[in-house]
Structures are given as C-alpha cells and as structure tokens.
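Everything below belongs to model.txt, which stores compact mmCIF, C-alpha atoms.
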```txt
# COMPACT_ATOMS: atom_id res chain seq x y z
CA MET Y 61 -11.27 8.37 29.16
CA ASN Y 62 -7.97 7.88 27.47
CA SER Y 63 -7.96 4.12 27.92
CA ARG Y 64 -11.50 3.88 26.58
CA ASN Y 65 -10.44 5.31 23.26
CA GLN Y 66 -7.34 3.20 23.01
CA PRO Y 67 -8.64 0.43 20.72
CA ILE Y 68 -9.85 3.07 18.27
CA GLU Y 69 -6.50 4.81 18.24
CA THR Y 70 -4.70 1.51 17.83
CA LEU Y 71 -6.86 0.60 14.84
CA GLN Y 72 -6.28 4.03 13.33
CA ASP Y 73 -2.52 3.59 13.74
CA ILE Y 74 -2.72 0.20 12.05
CA LYS Y 75 -4.72 1.55 9.15
CA ASN Y 76 -2.36 4.48 8.80
CA ILE Y 77 0.71 2.24 8.60
CA MET Y 78 -1.00 -0.14 6.17
CA ASN Y 79 -1.83 2.77 3.88
CA ARG Y 80 1.53 4.44 4.14
CA SER Y 81 3.41 1.22 3.48
CA SER Y 82 1.38 0.11 0.48
CA ARG Y 83 0.07 3.27 -1.14
CA PHE Y 84 1.74 6.35 -2.47
CA ILE Y 85 -0.26 8.93 -0.57
CA SER Y 86 1.64 12.13 -1.27
CA LEU Y 87 0.03 12.50 -4.68
CA SER Y 88 -1.11 16.11 -4.49
CA GLY Y 89 -4.44 17.47 -5.71
CA LEU Y 90 -2.53 20.43 -7.11
CA SER Y 91 -0.77 17.97 -9.43
CA GLY Y 92 -4.15 17.15 -10.93
CA VAL Y 93 -4.99 20.83 -11.36
CA ALA Y 94 -1.60 21.55 -12.96
CA ALA Y 95 -1.93 18.61 -15.37
CA GLY Y 96 -5.43 19.74 -16.28
CA VAL Y 97 -4.29 23.30 -17.01
CA CYS Y 98 -1.43 22.01 -19.18
CA ALA Y 99 -3.88 19.83 -21.10
CA LEU Y 100 -6.22 22.76 -21.72
CA VAL Y 101 -3.38 24.96 -22.96
CA GLY Y 102 -2.19 22.10 -25.18
CA ALA Y 103 -5.71 21.52 -26.50
CA TRP Y 104 -6.05 25.23 -27.28
CA PHE Y 105 -2.89 25.18 -29.41
CA ALA Y 106 -3.91 21.90 -31.06
CA HIS Y 107 -7.32 23.34 -31.82
CA GLY Y 108 -5.67 26.19 -33.69
CA VAL Y 109 -3.60 23.79 -35.77
CA ILE Y 110 -6.58 21.57 -36.59
CA ASN Y 111 -8.79 24.49 -37.57
CA SER Y 112 -6.19 26.07 -39.80
CA GLY Y 113 -5.61 22.80 -41.61
CA SER Y 114 -9.09 21.64 -42.45
CA THR Y 115 -12.13 23.14 -44.06
CA ALA Y 116 -14.58 24.06 -41.35
CA ARG Y 117 -17.26 21.55 -42.11
CA TYR Y 118 -19.64 20.08 -39.59
CA PRO Y 119 -17.85 17.16 -37.95
CA SER Y 120 -18.92 13.82 -39.32
CA LYS Y 121 -20.18 11.03 -37.11
CA HIS Y 122 -18.77 8.35 -39.36
CA LEU Y 123 -15.50 6.84 -38.29
CA SER Y 124 -14.73 6.05 -41.94
CA ASP Y 125 -14.57 9.80 -42.64
CA TYR Y 126 -11.58 9.90 -40.33
CA VAL Y 127 -9.58 7.17 -41.97
CA LEU Y 128 -6.79 8.44 -44.17
CA SER Y 129 -6.38 7.01 -47.63
CA ASP Y 130 -3.22 5.01 -48.18
CA SER Y 131 -1.46 7.84 -49.95
CA ALA Y 132 -2.31 10.32 -47.20
CA ILE Y 133 -0.92 8.24 -44.36
CA PRO Y 134 2.22 9.95 -43.10
CA THR Y 135 5.32 7.92 -42.52
CA MET Y 136 6.28 7.55 -38.86
CA ARG Y 137 9.04 10.10 -39.45
CA ALA Y 138 6.74 12.67 -40.94
CA PHE Y 139 4.27 12.03 -38.15
CA MET Y 140 6.87 12.68 -35.47
CA GLY Y 141 7.51 16.03 -37.13
CA ASP Y 142 3.84 16.94 -37.17
CA ARG Y 143 2.85 20.03 -35.20
CA LEU Y 144 0.08 18.14 -33.39
CA PHE Y 145 2.45 15.42 -32.29
CA GLN Y 146 4.93 18.00 -31.00
CA ILE Y 147 2.19 19.77 -29.07
CA ALA Y 148 1.10 16.45 -27.55
CA VAL Y 149 4.63 15.60 -26.44
CA LEU Y 150 5.25 19.06 -24.98
CA THR Y 151 1.91 18.94 -23.17
CA PHE Y 152 2.71 15.55 -21.71
CA ILE Y 153 6.15 16.66 -20.52
CA ALA Y 154 4.80 19.87 -18.98
CA ALA Y 155 1.91 18.06 -17.28
CA PHE Y 156 4.20 15.38 -15.92
CA GLY Y 157 6.75 17.93 -14.74
CA PHE Y 158 4.27 20.13 -12.89
CA SER Y 159 2.49 17.10 -11.37
CA PHE Y 160 5.78 15.81 -10.12
CA LEU Y 161 6.69 19.20 -8.67
CA PHE Y 162 3.54 19.56 -6.57
CA THR Y 163 3.67 15.97 -5.39
CA TYR Y 164 7.32 16.39 -4.51
CA LEU Y 165 6.52 19.52 -2.49
CA ARG Y 166 3.73 17.73 -0.65
CA SER Y 167 5.88 14.75 0.26
CA ARG Y 168 8.59 17.13 1.48
CA LYS Y 169 6.06 18.92 3.65
CA GLU Y 170 4.72 15.68 5.10
CA ASN Y 171 8.15 14.18 5.46
CA ILE Y 172 7.47 11.09 3.37
CA PRO Y 173 10.19 10.01 0.97
CA VAL Y 174 8.99 10.62 -2.58
CA TRP Y 175 10.70 7.60 -4.08
CA GLY Y 176 10.07 4.24 -2.41
CA THR Y 177 8.39 0.91 -2.90
CA ALA Y 178 4.97 2.53 -3.04
CA ALA Y 179 5.99 5.06 -5.68
CA ARG Y 180 7.69 2.37 -7.73
CA ARG Y 181 4.59 0.18 -7.68
CA LEU Y 182 2.34 3.09 -8.61
CA MET Y 183 4.60 4.07 -11.52
CA TRP Y 184 4.73 0.55 -12.88
CA ASN Y 185 1.01 -0.03 -12.66
CA VAL Y 186 0.15 3.27 -14.32
CA LEU Y 187 2.86 3.24 -16.96
CA LEU Y 188 2.27 -0.30 -18.17
CA PRO Y 189 -1.26 0.23 -19.57
CA MET Y 190 -0.16 3.63 -20.89
CA MET Y 191 2.78 2.21 -22.78
CA VAL Y 192 0.71 -0.62 -24.21
CA GLY Y 193 -1.88 1.94 -25.25
CA GLY Y 194 0.77 4.18 -26.75
CA ILE Y 195 2.16 1.42 -28.96
CA PHE Y 196 -1.33 0.39 -30.02
CA LEU Y 197 -2.21 3.98 -30.93
CA LEU Y 198 0.97 4.36 -32.98
CA LYS Y 199 -0.12 1.32 -34.98
CA LEU Y 200 -3.57 2.88 -35.45
CA ILE Y 201 -1.92 6.01 -36.83
CA GLU Y 202 0.14 3.83 -39.15
CA ALA Y 203 -3.13 2.34 -40.38
CA GLY Y 204 -4.52 5.84 -40.87
CA VAL Y 205 -7.39 5.43 -38.40
CA ILE Y 206 -6.94 8.88 -36.91
CA GLY Y 207 -10.54 9.09 -35.69
CA LEU Y 208 -9.74 6.65 -32.88
CA ILE Y 209 -6.62 8.37 -31.54
CA ALA Y 210 -8.33 10.72 -29.08
CA PRO Y 211 -10.78 8.07 -27.79
CA GLY Y 212 -7.87 5.63 -27.51
CA CYS Y 213 -5.83 8.08 -25.41
CA LEU Y 214 -8.74 8.59 -23.04
CA ILE Y 215 -9.57 4.89 -22.73
CA PHE Y 216 -6.05 3.67 -22.10
CA TYR Y 217 -5.28 6.55 -19.74
CA GLY Y 218 -8.49 5.85 -17.82
CA LEU Y 219 -7.62 2.16 -17.50
CA ALA Y 220 -4.13 3.11 -16.33
CA LEU Y 221 -5.59 5.26 -13.56
CA ILE Y 222 -8.01 2.54 -12.48
CA ASN Y 223 -5.12 0.10 -12.38
CA GLY Y 224 -2.99 2.50 -10.36
CA SER Y 225 -5.73 3.44 -7.92
CA LYS Y 226 -4.89 0.48 -5.70
CA PHE Y 227 -1.48 1.97 -5.06
CA THR Y 228 -2.33 5.57 -4.26
CA LEU Y 229 -5.27 7.56 -2.91
CA GLY Y 230 -8.14 5.38 -4.13
CA GLU Y 231 -10.38 8.21 -5.37
CA ILE Y 232 -8.32 8.50 -8.53
CA ARG Y 233 -10.26 5.53 -9.92
CA TYR Y 234 -13.29 7.78 -10.42
CA LEU Y 235 -11.17 9.98 -12.66
CA GLY Y 236 -10.25 6.75 -14.46
CA TYR Y 237 -13.86 5.62 -14.89
CA ALA Y 238 -14.85 9.06 -16.20
CA ASN Y 239 -12.01 9.07 -18.73
CA VAL Y 240 -12.84 5.57 -19.99
CA LEU Y 241 -16.50 6.55 -20.34
CA LEU Y 242 -15.62 9.75 -22.23
CA GLY Y 243 -13.31 7.77 -24.49
CA LEU Y 244 -16.02 5.24 -25.29
CA ILE Y 245 -18.57 7.94 -26.10
CA ASN Y 246 -15.94 9.68 -28.21
CA CYS Y 247 -15.75 6.55 -30.43
CA TRP Y 248 -19.14 7.53 -31.80
CA TYR Y 249 -18.15 11.18 -32.33
CA PRO Y 250 -14.72 10.81 -33.92
CA GLY Y 251 -14.70 14.36 -35.30
CA LEU Y 252 -14.95 15.90 -31.85
CA GLY Y 253 -11.85 14.25 -30.43
CA ILE Y 254 -10.19 17.50 -29.42
CA TYR Y 255 -13.18 18.53 -27.27
CA PHE Y 256 -13.41 15.14 -25.56
CA TRP Y 257 -9.68 15.32 -25.05
CA ALA Y 258 -9.89 18.76 -23.44
CA MET Y 259 -12.76 17.58 -21.26
CA GLY Y 260 -11.07 14.38 -20.08
CA PHE Y 261 -7.48 15.52 -19.69
CA GLY Y 262 -8.26 19.13 -18.88
CA VAL Y 263 -11.52 19.79 -17.09
CA LEU Y 264 -11.84 16.46 -15.28
CA HIS Y 265 -8.29 16.69 -13.93
CA ILE Y 266 -8.91 20.15 -12.58
CA VAL Y 267 -12.15 19.04 -10.92
CA TYR Y 268 -10.47 15.96 -9.47
CA GLY Y 269 -7.50 18.00 -8.27
CA VAL Y 270 -9.63 20.61 -6.53
CA VAL Y 271 -11.75 17.95 -4.81
CA MET Y 272 -8.69 16.04 -3.61
CA TRP Y 273 -6.91 19.14 -2.45
CA ASN Y 274 -9.99 20.16 -0.52
CA LYS Y 275 -10.32 16.76 1.06
CA TYR Y 276 -6.73 16.02 2.05
CA GLU Y 277 -4.53 19.08 1.89
CA ARG Y 278 -6.40 22.19 2.82
CA ALA Y 279 -4.99 22.98 6.23
CA MET E 6 -20.36 -13.77 25.45
CA LYS E 7 -16.60 -14.11 25.53
CA ASN E 8 -14.66 -11.16 26.73
CA PRO E 9 -12.80 -9.80 23.68
CA ILE E 10 -9.92 -8.67 25.84
CA GLU E 11 -8.98 -12.33 26.25
CA GLN E 12 -8.65 -12.55 22.48
CA LEU E 13 -6.05 -9.77 22.36
CA GLN E 14 -2.68 -11.25 21.56
CA LYS E 15 -0.18 -10.42 24.23
CA VAL E 16 2.65 -10.51 21.71
CA PHE E 17 1.20 -7.51 19.84
CA ASP E 18 1.09 -5.38 22.93
CA SER E 19 3.46 -2.74 21.59
CA ARG E 20 3.21 0.08 19.09
CA VAL E 21 6.31 -1.09 17.26
CA ARG E 22 5.11 -4.68 16.87
CA LEU E 23 1.69 -3.56 15.68
CA GLY E 24 3.41 -1.31 13.16
CA ILE E 25 5.61 -4.12 11.89
CA MET E 26 2.68 -6.49 11.50
CA SER E 27 0.50 -3.85 9.80
CA ALA E 28 3.14 -3.18 7.19
CA LEU E 29 3.78 -6.89 6.58
CA MET E 30 0.08 -7.68 6.20
CA VAL E 31 -0.27 -5.49 3.11
CA ASN E 32 3.14 -6.12 1.51
CA ASP E 33 4.79 -9.30 0.29
CA ALA E 34 8.10 -8.34 1.85
CA VAL E 35 9.37 -5.25 3.64
CA SER E 36 12.99 -4.33 4.29
CA PHE E 37 14.46 -3.27 7.60
CA ASN E 38 14.99 0.30 6.44
CA GLU E 39 11.47 0.68 5.12
CA LEU E 40 10.11 -0.53 8.47
CA LYS E 41 12.36 1.88 10.30
CA GLU E 42 11.10 4.77 8.22
CA LEU E 43 7.46 3.78 8.59
CA ILE E 44 7.44 3.24 12.31
CA GLN E 45 10.09 5.82 13.22
CA VAL E 46 12.11 3.82 15.71
CA THR E 47 15.78 3.26 16.36
CA ASP E 48 17.63 0.32 14.80
CA GLY E 49 18.08 -1.49 18.09
CA ASN E 50 14.49 -1.12 19.14
CA LEU E 51 13.17 -2.34 15.80
CA ALA E 52 15.60 -5.26 15.69
CA SER E 53 14.59 -6.53 19.12
CA HIS E 54 10.90 -6.41 18.26
CA LEU E 55 11.52 -8.15 14.93
CA LYS E 56 13.42 -10.84 16.78
CA ALA E 57 10.59 -11.37 19.24
CA LEU E 58 8.04 -11.69 16.45
CA GLU E 59 10.31 -14.08 14.57
CA GLU E 60 10.81 -16.26 17.64
CA ASN E 61 7.06 -16.52 17.99
CA GLY E 62 6.82 -17.73 14.41
CA LEU E 63 4.80 -14.71 13.32
CA LEU E 64 7.21 -13.47 10.68
CA LYS E 65 10.00 -14.93 8.61
CA VAL E 66 13.29 -13.36 7.65
CA ASN E 67 14.52 -13.54 4.07
CA LYS E 68 18.20 -12.83 3.64
CA GLY E 69 19.20 -11.81 0.17
CA PHE E 70 21.69 -9.68 -1.68
CA VAL E 71 21.33 -6.58 -3.79
CA GLY E 72 24.65 -6.56 -5.61
CA ARG E 73 27.08 -7.14 -2.76
CA LYS E 74 25.03 -5.51 -0.06
CA THR E 75 22.93 -7.71 2.16
CA ASN E 76 19.25 -7.03 1.82
CA THR E 77 17.14 -8.50 4.59
CA THR E 78 13.41 -8.44 4.14
CA TYR E 79 10.63 -9.63 6.39
CA SER E 80 7.33 -11.21 5.55
CA VAL E 81 4.41 -12.47 7.59
CA THR E 82 3.82 -16.20 8.18
CA LYS E 83 0.45 -17.98 8.03
CA VAL E 84 0.40 -18.13 11.82
CA GLY E 85 1.27 -14.45 12.03
CA GLU E 86 -1.50 -13.51 9.66
CA ARG E 87 -4.06 -15.50 11.63
CA SER E 88 -3.01 -14.12 15.02
CA PHE E 89 -2.96 -10.57 13.75
CA ARG E 90 -6.47 -10.91 12.30
CA GLN E 91 -7.65 -12.30 15.62
CA HIS E 92 -6.10 -9.35 17.37
CA LEU E 93 -7.82 -6.91 15.01
CA ASP E 94 -11.17 -8.65 15.48
CA ALA E 95 -10.79 -8.40 19.23
CA LEU E 96 -10.04 -4.68 18.98
CA GLU E 97 -13.12 -4.21 16.83
CA GLN E 98 -15.27 -6.11 19.29
CA MET E 99 -14.04 -3.91 22.09
CA ILE E 100 -14.99 -0.82 20.14
CA LYS E 101 -18.44 -2.19 19.41
CA GLN E 102 -19.02 -2.97 23.08
CA MET E 103 -17.91 0.50 24.05
CA GLY E 104 -20.62 1.91 21.87
CA LYS E 105 -23.33 0.00 23.72
```

For this file, produce the structure as structure tokens.
Amino acid sequence: MNSRNQPIETLQDIKNIMNRSSRFISLSGLSGVAAGVCALVGAWFAHGVINSGSTARYPSKHLSDYVLSDSAIPTMRAFMGDRLFQIAVLTFIAAFGFSFLFTYLRSRKENIPVWGTAARRLMWNVLLPMMVGGIFLLKLIEAGVIGLIAPGCLIFYGLALINGSKFTLGEIRYLGYANVLLGLINCWYPGLGIYFWAMGFGVLHIVYGVVMWNKYERA
Amino acid sequence: MKNPIEQLQKVFDSRVRLGIMSALMVNDAVSFNELKELIQVTDGNLASHLKALEENGLLKVNKGFVGRKTNTTYSVTKVGERSFRQHLDALEQMIKQMGK
C-alpha cells in the first residue's frame, strides 16, 4: 500500500519545496483582518474630519467639483500637516505593524524564517507599484485633483497585490482585482472616496483574512 | 505503451536530490544555506548530493563573494531541467496508471 502511494507523496514533496522556496507562505490571514480593522478605524476618524470641514451637501458625481482652485491648493508642507494626512500615515503604520506581527507569529509557529529570499522578493514586488503610486498621487494632490486620491490609492494598491501574488499565497490576487475594480468605479463617484476606501482597505481585507485563515491556519 | 518506471531518472532517486532540484527549478539561483534550511539535512549530506548532481551535469555551481565572505549558489542546467521534467512526467504517468 505504502509503495503504491509513493509517486503521489513524492510529487507532493516536490510541490511543497517549490512553493516554500519561491513563495512567502507564512503570510497570515489574521494580518489581513488586522489591517482591515485598522483601515476601518482610520476611515472612521477621517470621516469625522471630512464631515466637520465641509457643508453636508449631496456628493457630486463630477470630478471637476473635486478639483481645488489654484489658491486653495495646499503647499506640500501644509498638506503634510493636514489631519487627514496624519490619520492616513498612522493608519498605514498601524496596519503594517499588526500585519507584520501576525505573520511573524505564524512563521515562528511553522518554523519558517520570516526574512529570506522569498520575503525579499515579495516586499520588492509589492512596494514598487505602491511607491510609484504614492509619488503619482502626491503630484495629483499638488495639482489639486483631490477627487482621484482615494481611487488612486485603491488602484495602485490593487495592482501591487496582483504583482505580489506570484510570490506569496496566490489567492491574494483576488483581493487585488477587487481593489482595482473598486478604485475604477470610485473614479466615477469621486465624492464617495472615503466609503470606497473603507470598503476596499477595510471590509475586503477582513473578508480576505477570514477566508485565508479558515483555509490555511485553522487547526 | 512504455512503462513509465523506465523513464524515472535513477539520479533523482533520493529525497535530498529531489528537494535540491525542486528548489532550483523555481529559482534562478539558490545558496547552500537556503537549500539546507529547505530540505533540512546536514551539511555533509547536502554537499555530497550537490556534488553528485553537479558531476552529472544537472546543476552548475556559481562561486561569488558577498563582501569578503564566499557565497556559493547553485542553479539548474538545461540538461538538468529536461531530466527533471522527464522524471516528473514519469511520476505523473505512474499515478494515472494507478488510478486505472
């Protein structure tokens, strides 16, 4: 009986080593959940700031209504001091920190080193599109086109995940597709950016995280 | 029909060698330490298998330096890639025939 199953076991071993040597597989589902929760908390604070600042009119569908006039465009310095920007940075740091923590714990549990070739490749392939996107979005802010900031975040982040999916558990590409799609739709509803943002970075991450945790980690 | 067992490559008849080849197939170059970690074998054991695969022309050794430390990496050769694929195909055939 044992020898009959041997080719199957051998192929499974081969697949296992191929995956472990080329993909970063300790990415934990709980990291997704944690990032999603951070995003929702961040969005809640941002929502408060946005609401207090503007008159509560029905959000416009016209992108041109979300372009600042030349005199209203903040300088980069003033922008960095903006409450919304600070919330965004804090949210990103918290999300990254908690994601790292859960992934670190998982790799400890499964005895896989957390930092290696696979992790390095994943980082590079995710961070590159994100950094390009970040610079592009800063230029958009400089041009006063604030209506495209939230869609831009979603689109570039989604592309980053799709790009990184070859170097970690492949399912993350669906999260990427969903974020790109949300971002594109958001382009037509520029006034609702905060809700699309909360959906893409918050809800979708939590859903993804729970599904992944269920599939790979629930003992 | 040909018996797939004849297509199995004798040189891959070891867990360590299969592990080495699997890792090399999906990476441009893999270092000794990474292989050791992946396959969980002792230095001596890994080295002797690497040597055997190298002597058969299935992998090539790239000696380099990281700073002053030697950094030896291994990558698969064309021949190695072909033989390993053949070996995998044979394994798959065996599984298919088992199902019949």

Find the residues of chain E that sit at most 9 Å from chain Y; for each, write down the nearest two atoms and how far apart they are in Å, to one decimal. Count only C-alpha atoms. Sort by chain, then by number going up, and give it as CSV.
```
residue,atom,partner,partner_atom,distance
E:Arg20,CA,Y:Thr70,CA,8.1
E:Leu23,CA,Y:Ile74,CA,6.8
E:Gly24,CA,Y:Ile77,CA,6.4
E:Ile25,CA,Y:Ile77,CA,8.7
E:Met26,CA,Y:Ile74,CA,8.6
E:Ser27,CA,Y:Met78,CA,5.4
E:Ala28,CA,Y:Met78,CA,5.2
E:Leu29,CA,Y:Met78,CA,8.3
E:Met30,CA,Y:Met78,CA,7.6
E:Val31,CA,Y:Met78,CA,6.2
E:Asn32,CA,Y:Ser82,CA,6.6
E:Val35,CA,Y:Ser81,CA,8.8
E:Glu39,CA,Y:Ser81,CA,8.2
E:Leu40,CA,Y:Ser81,CA,8.5
E:Glu42,CA,Y:Ile172,CA,8.8
E:Leu43,CA,Y:Ile77,CA,6.9
E:Ile44,CA,Y:Ile77,CA,7.7
E:Leu93,CA,Y:Leu71,CA,7.6
E:Leu96,CA,Y:Pro67,CA,5.6
E:Glu97,CA,Y:Pro67,CA,7.5
E:Met99,CA,Y:Pro67,CA,7.1
E:Ile100,CA,Y:Pro67,CA,6.5
E:Met103,CA,Y:Arg64,CA,7.7
```

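With CA of Asn38 in chain E on one side and CA of Ser88 in chain Y on the other, the separation reads 25.1 Å.
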
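Using only C-alpha atoms, the residues found no farther than 9 Å from range 48-50 of chain E, other than those of its own chain fewer than 4 positions away, are E:Val21, E:Phe37, E:Asn38, E:Lys41, E:His54, E:Leu55.
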
- request: Counting all atoms listed in the file, select every polymer residue within 12 Å of (9.6, -12.3, 16.5) as defined in the file's coordinates, and provide the selection as a VMD selection string.
  value: chain E and resid 16 to 17 21 to 23 25 to 26 51 to 66 79 to 82 84 to 85

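Interatomic distance, CA of Leu128 in chain Y against CA of Val205 in chain Y: 6.5 Å.
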
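Distance annotation: of Y:Phe139, Y:Tyr164, Y:Tyr249, Y:Trp257, the residue with the minimal separation from Gly207 in chain Y is Y:Tyr249; atom set is only C-alpha atoms.
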
statement: Expressed in Å, the length from CA of Val192 in chain Y to CA of Gly218 in chain Y is 12.9 Å

field: Spatial neighbours of Val97 in chain Y, max dist 12 Å, all atoms listed in the file, sep filter under 6 positions, as a PyMOL selection string
entry: chain Y and resi 90-91+103-104+151-152+154-156+158-159+258-267+269

task: Considering all atoms listed in the file, state which residue in the set Y:Leu187, Y:Leu197, Y:Ala148, Y:Met272 is at the smallest distance from Leu221 in chain Y.
output: Y:Leu187

Polymer residues at most 10 Å from Gly236 in chain Y, only C-alpha atoms, same-chain spacing of 5 or more positions, as a PDB file with C-alpha atoms, in the frame of the given file:
```
ATOM      1  CA  LEU Y 214      -8.740   8.590 -23.040  1.00  0.00           C
ATOM      2  CA  ILE Y 215      -9.570   4.890 -22.730  1.00  0.00           C
ATOM      3  CA  PHE Y 216      -6.050   3.670 -22.100  1.00  0.00           C
ATOM      4  CA  TYR Y 217      -5.280   6.550 -19.740  1.00  0.00           C
ATOM      5  CA  GLY Y 218      -8.490   5.850 -17.820  1.00  0.00           C
ATOM      6  CA  LEU Y 219      -7.620   2.160 -17.500  1.00  0.00           C
ATOM      7  CA  ALA Y 220      -4.130   3.110 -16.330  1.00  0.00           C
ATOM      8  CA  LEU Y 221      -5.590   5.260 -13.560  1.00  0.00           C
ATOM      9  CA  ILE Y 222      -8.010   2.540 -12.480  1.00  0.00           C
ATOM     10  CA  ASN Y 223      -5.120   0.100 -12.380  1.00  0.00           C
ATOM     11  CA  GLY Y 224      -2.990   2.500 -10.360  1.00  0.00           C
ATOM     12  CA  SER Y 225      -5.730   3.440  -7.920  1.00  0.00           C
ATOM     13  CA  GLU Y 231     -10.380   8.210  -5.370  1.00  0.00           C
ATOM     14  CA  LEU Y 241     -16.500   6.550 -20.340  1.00  0.00           C
ATOM     15  CA  LEU Y 242     -15.620   9.750 -22.230  1.00  0.00           C
ATOM     16  CA  GLY Y 260     -11.070  14.380 -20.080  1.00  0.00           C
ATOM     17  CA  LEU Y 264     -11.840  16.460 -15.280  1.00  0.00           C
TER      18      LEU Y 264
END
```

Return as lines of an AutoDock Vina configuration file the box centre and box size in Å, one decimal, for an axis-aligned box around all listed atoms of range 183-194 of chain Y padded by 8 Å per side.
```
center_x = 1.4
center_y = 1.8
center_z = -19.1
size_x = 22.6
size_y = 20.8
size_z = 31.2
```

- request: Compile the contact shell of Arg143 in chain Y as a list in words: residues with an atom at most 10 Å away, counting all atoms listed in the file, same-chain residues fewer than 2 positions apart removed.
  value: Phe105, Ala106, Val109, Ile110, Phe139, Met140, Gly141, Phe145, Gln146, Ile147, Ala148 and Val149 of chain Y

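Taking all atoms listed in the file into account, Asp130 in chain Y lies nearest to Y:Ile201 out of the set Y:Ile201, Y:Ile254, Y:Leu229, Y:Val271.
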
How would range 50-66 of chain E read, as a JSON list (two decimals), in the frame of the given file, once N, CA and C atoms are built in?
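For reference, selection.json as written:
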```
[["chain", "number", "residue", "atom", "x", "y", "z"],
["E", 50, "ASN", "N", 15.85, -0.89, 18.72],
["E", 50, "ASN", "CA", 14.49, -1.12, 19.14],
["E", 50, "ASN", "C", 13.74, -1.99, 18.13],
["E", 51, "LEU", "N", 13.86, -1.60, 16.86],
["E", 51, "LEU", "CA", 13.17, -2.34, 15.80],
["E", 51, "LEU", "C", 13.68, -3.77, 15.74],
["E", 52, "ALA", "N", 15.00, -3.93, 15.80],
["E", 52, "ALA", "CA", 15.60, -5.26, 15.69],
["E", 52, "ALA", "C", 15.10, -6.18, 16.80],
["E", 53, "SER", "N", 15.01, -5.65, 18.02],
["E", 53, "SER", "CA", 14.59, -6.53, 19.12],
["E", 53, "SER", "C", 13.13, -6.96, 18.96],
["E", 54, "HIS", "N", 12.30, -6.03, 18.47],
["E", 54, "HIS", "CA", 10.90, -6.41, 18.26],
["E", 54, "HIS", "C", 10.76, -7.41, 17.12],
["E", 55, "LEU", "N", 11.55, -7.20, 16.06],
["E", 55, "LEU", "CA", 11.52, -8.15, 14.93],
["E", 55, "LEU", "C", 11.92, -9.53, 15.42],
["E", 56, "LYS", "N", 12.94, -9.56, 16.27],
["E", 56, "LYS", "CA", 13.42, -10.84, 16.78],
["E", 56, "LYS", "C", 12.32, -11.55, 17.58],
["E", 57, "ALA", "N", 11.65, -10.77, 18.42],
["E", 57, "ALA", "CA", 10.59, -11.37, 19.24],
["E", 57, "ALA", "C", 9.48, -11.95, 18.37],
["E", 58, "LEU", "N", 9.10, -11.21, 17.34],
["E", 58, "LEU", "CA", 8.04, -11.69, 16.45],
["E", 58, "LEU", "C", 8.50, -12.93, 15.68],
["E", 59, "GLU", "N", 9.77, -12.93, 15.30],
["E", 59, "GLU", "CA", 10.31, -14.08, 14.57],
["E", 59, "GLU", "C", 10.32, -15.31, 15.47],
["E", 60, "GLU", "N", 10.75, -15.12, 16.72],
["E", 60, "GLU", "CA", 10.81, -16.26, 17.64],
["E", 60, "GLU", "C", 9.44, -16.84, 17.92],
["E", 61, "ASN", "N", 8.42, -16.01, 17.80],
["E", 61, "ASN", "CA", 7.06, -16.52, 17.99],
["E", 61, "ASN", "C", 6.48, -17.11, 16.71],
["E", 62, "GLY", "N", 7.28, -17.14, 15.67],
["E", 62, "GLY", "CA", 6.82, -17.73, 14.41],
["E", 62, "GLY", "C", 5.83, -16.88, 13.65],
["E", 63, "LEU", "N", 5.79, -15.57, 13.95],
["E", 63, "LEU", "CA", 4.80, -14.71, 13.32],
["E", 63, "LEU", "C", 5.32, -14.08, 12.03],
["E", 64, "LEU", "N", 6.65, -13.98, 11.93],
["E", 64, "LEU", "CA", 7.21, -13.47, 10.68],
["E", 64, "LEU", "C", 8.44, -14.27, 10.31],
["E", 65, "LYS", "N", 8.78, -14.25, 9.02],
["E", 65, "LYS", "CA", 10.00, -14.93, 8.61],
["E", 65, "LYS", "C", 10.97, -13.93, 7.97],
["E", 66, "VAL", "N", 12.23, -14.25, 8.13],
["E", 66, "VAL", "CA", 13.29, -13.36, 7.65],
["E", 66, "VAL", "C", 13.84, -13.94, 6.35]]
```
